Amino acid sequence: MGDNGKRQVQDGLDAATRLGDLYRRTYRLRTLGMGLGLLPVAMVLQEREAGIVAWTWAFSCGLVWPHLAHWLAARSRDSYRAELQNLVIDSALAASLVPLMHFSLLPSVMLVSVTTADKISTGVRGLWRRSLLPMLAALLASGLLNGFRVDITTSMNTLLACLPIMVIHTLAVAASSYQLVRRVQAQNLQLDKLSRFDTLTGLGSRTHWQTMASGLLRQPQEQPATLLLVDVDRFKDTNDRHGHEIGDDLLRAIASCILATLPAGGHAGRLGGDEFAVVLPLGSAAAARVADSLLAQVQALELPRAPGLRASISIGLAAPPAGTCDLRTWLEAADRALYLAKANGRGRLQVFTAEAADG
């Protein structure tokens, strides 16, 4: 079933969802966004003839804070949580600049909206809501310190100074989000592949094979279908004598033989352990020939790391049960035939018959 492989991919998806490297990705965008955001702030401060304190605070927010935030997150025991806190501080700092600009309309709205959009683009649920209260608190504190002077007019120079952050930063965030989406899509494709294929043998997983077999079973009755249930003879002895790595080599080699004999329209899967299932779009006679070829190929196998090992398989063959589309009943019939094949000496094919069922 490839549980280990699925777990590895799911861990990758969890990392992408949780954004454990968030502070690294955010660093470039924060540096770019706050640096470009400083342009309209500086333009307004110049027009308002702001004092040295306002200029110092604005440059600290735009040029110093991005590097300080990265430094704090990188040295934190939990860089993810530290970066979430940094993102909340981003919003507070942006809001604190609004009163310095006397609430100049366009740059004020631009700063608040861009920083809020940044929280949404992280994909962290509820982060933008958590940023609202600190943003409001910073706005009020800065307003109290600066006397809440209001002049919402926006000059043409300020408008032009807003364009870089509105265009460049927006495109940069979009490009970063696109890369993340493509990365998750690739992981989803890999996870889908692992859900459909057994990672050890390359055959279909149990669930995927059952889906394919059920589809073949539901075809009109005039369409032939045959089920082969394949079991490796004395596989436990092979593992005990040669080790599990050789056992895995043997399973892979047998899977390769199955794939080599599989006709178009057939489906092969690993049911678990050393048991395989093959559903063929063939009648019983043609399927028996495929089974005989498979028996011969497995008996001729030579493993480079175990030259003395000779392997064999037992196969139970069953046609679809009459009057039913139940895969379980079909599997039980093939399993009954497989039991007889092993009971009668292994390394052979047994076809399910009514007499076998009665026996």
# chains A, B, ... in the order shown; residues from 1 in each chain; ligands from 1
>>> closest_atom_pairs(of="stretch 64-128 of chain A", to="stretch 177-200 of chain A", cutoff="10 Å", atoms="only C-alpha atoms", output="Markdown table")
| residue | atom | partner | partner_atom | distance |
| --- | --- | --- | --- | --- |
| A:Ser121 | CA | A:Ser177 | CA | 7.2 |
| A:Thr122 | CA | A:Ser177 | CA | 8.3 |
| A:Gly123 | CA | A:Ser177 | CA | 9.5 |
>>> select_by_dssp(residues="stretch 11-243 of chain A", states="helix (DSSP H, G or I)", output="MDAnalysis selection string")
chainID A and resid 11:18 22:48 52:74 79:100 105:121 127:146 156:196 206:217 235:242
>>> residues_around(residues="A:Phe103", least_positions_apart="3", cutoff="6 Å", atoms="only C-alpha atoms", output="list of chain:residue names")
A:Val98, A:Pro99, A:Ser108, A:Val150, A:Ile152
>>> write_last_selection(atoms="N, CA and C atoms", output="PDB file, in the first residue's frame")
ATOM      1  N   VAL A  98       0.463  55.494   9.486  1.00  0.00           N
ATOM      2  CA  VAL A  98      -0.673  56.260   8.966  1.00  0.00           C
ATOM      3  C   VAL A  98      -0.815  57.624   9.646  1.00  0.00           C
ATOM      4  N   PRO A  99      -0.791  57.701  10.989  1.00  0.00           N
ATOM      5  CA  PRO A  99      -0.875  59.033  11.613  1.00  0.00           C
ATOM      6  C   PRO A  99       0.314  59.936  11.285  1.00  0.00           C
ATOM      7  N   SER A 108      -2.264  55.659   2.948  1.00  0.00           N
ATOM      8  CA  SER A 108      -2.765  55.011   4.162  1.00  0.00           C
ATOM      9  C   SER A 108      -3.550  53.758   3.822  1.00  0.00           C
ATOM     10  N   VAL A 150      -5.157  65.466  10.717  1.00  0.00           N
ATOM     11  CA  VAL A 150      -5.743  64.802   9.549  1.00  0.00           C
ATOM     12  C   VAL A 150      -5.646  65.704   8.330  1.00  0.00           C
ATOM     13  N   ILE A 152      -6.221  64.339   4.441  1.00  0.00           N
ATOM     14  CA  ILE A 152      -6.353  63.155   3.598  1.00  0.00           C
ATOM     15  C   ILE A 152      -5.943  63.389   2.145  1.00  0.00           C
TER      16      ILE A 152
END
>>> residues_around(residues="A:Leu32", least_positions_apart="5", cutoff="9 Å", atoms="only C-alpha atoms", output="JSON list (two decimals) with N, CA and C atoms, in the first residue's frame")
[["chain", "number", "residue", "atom", "x", "y", "z"],
["A", 27, "TYR", "N", 10.93, 36.75, 4.12],
["A", 27, "TYR", "CA", 12.00, 37.73, 4.24],
["A", 27, "TYR", "C", 12.14, 38.59, 2.98],
["A", 37, "GLY", "N", 7.17, 50.37, 0.20],
["A", 37, "GLY", "CA", 6.18, 51.13, 0.96],
["A", 37, "GLY", "C", 6.75, 52.38, 1.57],
["A", 66, "PRO", "N", 12.62, 44.57, 8.49],
["A", 66, "PRO", "CA", 12.65, 43.31, 7.74],
["A", 66, "PRO", "C", 13.82, 42.40, 8.11],
["A", 165, "ILE", "N", 4.97, 49.88, -5.14],
["A", 165, "ILE", "CA", 4.52, 48.82, -4.23],
["A", 165, "ILE", "C", 3.24, 48.18, -4.73],
["A", 168, "ILE", "N", 4.81, 46.22, -8.24],
["A", 168, "ILE", "CA", 5.92, 45.28, -8.07],
["A", 168, "ILE", "C", 5.65, 44.29, -6.95],
["A", 169, "HIS", "N", 5.22, 44.81, -5.80],
["A", 169, "HIS", "CA", 4.98, 43.91, -4.67],
["A", 169, "HIS", "C", 3.84, 42.95, -4.96],
["A", 172, "ALA", "N", 5.12, 40.25, -7.16],
["A", 172, "ALA", "CA", 6.04, 39.38, -6.43],
["A", 172, "ALA", "C", 5.28, 38.40, -5.54]]
>>> atom_distance(atom1="atom CA of A:Leu29", atom2="atom CA of A:Ala141")
26.6 Å
>>> select_by_dssp(residues="stretch 233-337 of chain A", states="strand (DSSP E)", output="list in words")
His267, Ala268, Gly269, Arg270, Leu271, Gly272, Glu275, Phe276, Ala277, Val278, Val279, Leu280, Ile313, Ser314, Ile315, Gly316, Leu317 and Ala318 of chain A
>>> residues_around(residues="A:Ala333", least_positions_apart="6", cutoff="9 Å", atoms="only C-alpha atoms", output="PyMOL selection string")
chain A and resi 316-321+352-353+357
>>> residues_around(residues="stretch 52-62 of chain A", least_positions_apart="5", cutoff="6 Å", atoms="only C-alpha atoms", output="JSON, numbers by chain")
{"A": [34, 35, 38]}
>>> write_last_selection(atoms="C-alpha atoms", output="short mmCIF file (atom, residue, chain, number, x, y, z; two decimals), in the first residue's frame")
data_model
loop_
_atom_site.label_atom_id
_atom_site.label_comp_id
_atom_site.auth_asym_id
_atom_site.auth_seq_id
_atom_site.Cartn_x
_atom_site.Cartn_y
_atom_site.Cartn_z
CA MET A 34 8.43 47.57 3.21
CA GLY A 35 11.19 49.07 1.14
CA LEU A 38 8.69 53.57 2.34
#
>>> atom_distance(atom1="atom CA of A:Gln297", atom2="atom CA of A:Thr226")
20.0 Å
>>> atom_distance(atom1="atom CA of A:Gly347", atom2="atom CA of A:Gln223")
29.5 Å
>>> decode(residues="stretch 21-44 of chain A", atoms="C-alpha atoms", output="short mmCIF file (atom, residue, chain, number, x, y, z; two decimals), in the first residue's frame")
data_model
loop_
_atom_site.label_atom_id
_atom_site.label_comp_id
_atom_site.auth_asym_id
_atom_site.auth_seq_id
_atom_site.Cartn_x
_atom_site.Cartn_y
_atom_site.Cartn_z
CA ASP A 21 10.10 27.78 6.27
CA LEU A 22 7.74 30.75 6.33
CA TYR A 23 10.29 33.21 7.63
CA ARG A 24 12.66 32.48 4.75
CA ARG A 25 9.99 33.01 2.12
CA THR A 26 8.61 36.06 3.87
CA TYR A 27 12.00 37.73 4.24
CA ARG A 28 12.33 38.69 0.59
CA LEU A 29 8.73 39.81 0.27
CA ARG A 30 8.88 41.79 3.52
CA THR A 31 12.10 43.49 2.48
CA LEU A 32 10.66 44.32 -0.92
CA GLY A 33 7.25 45.41 0.35
CA MET A 34 8.43 47.57 3.21
CA GLY A 35 11.19 49.07 1.14
CA LEU A 36 8.76 50.05 -1.61
CA GLY A 37 6.18 51.13 0.96
CA LEU A 38 8.69 53.57 2.34
CA LEU A 39 8.60 55.56 -0.90
CA PRO A 40 5.09 57.07 -0.52
CA VAL A 41 5.59 57.45 3.24
CA ALA A 42 8.78 59.44 2.66
CA MET A 43 7.03 61.56 0.01
CA VAL A 44 4.24 62.45 2.43
#
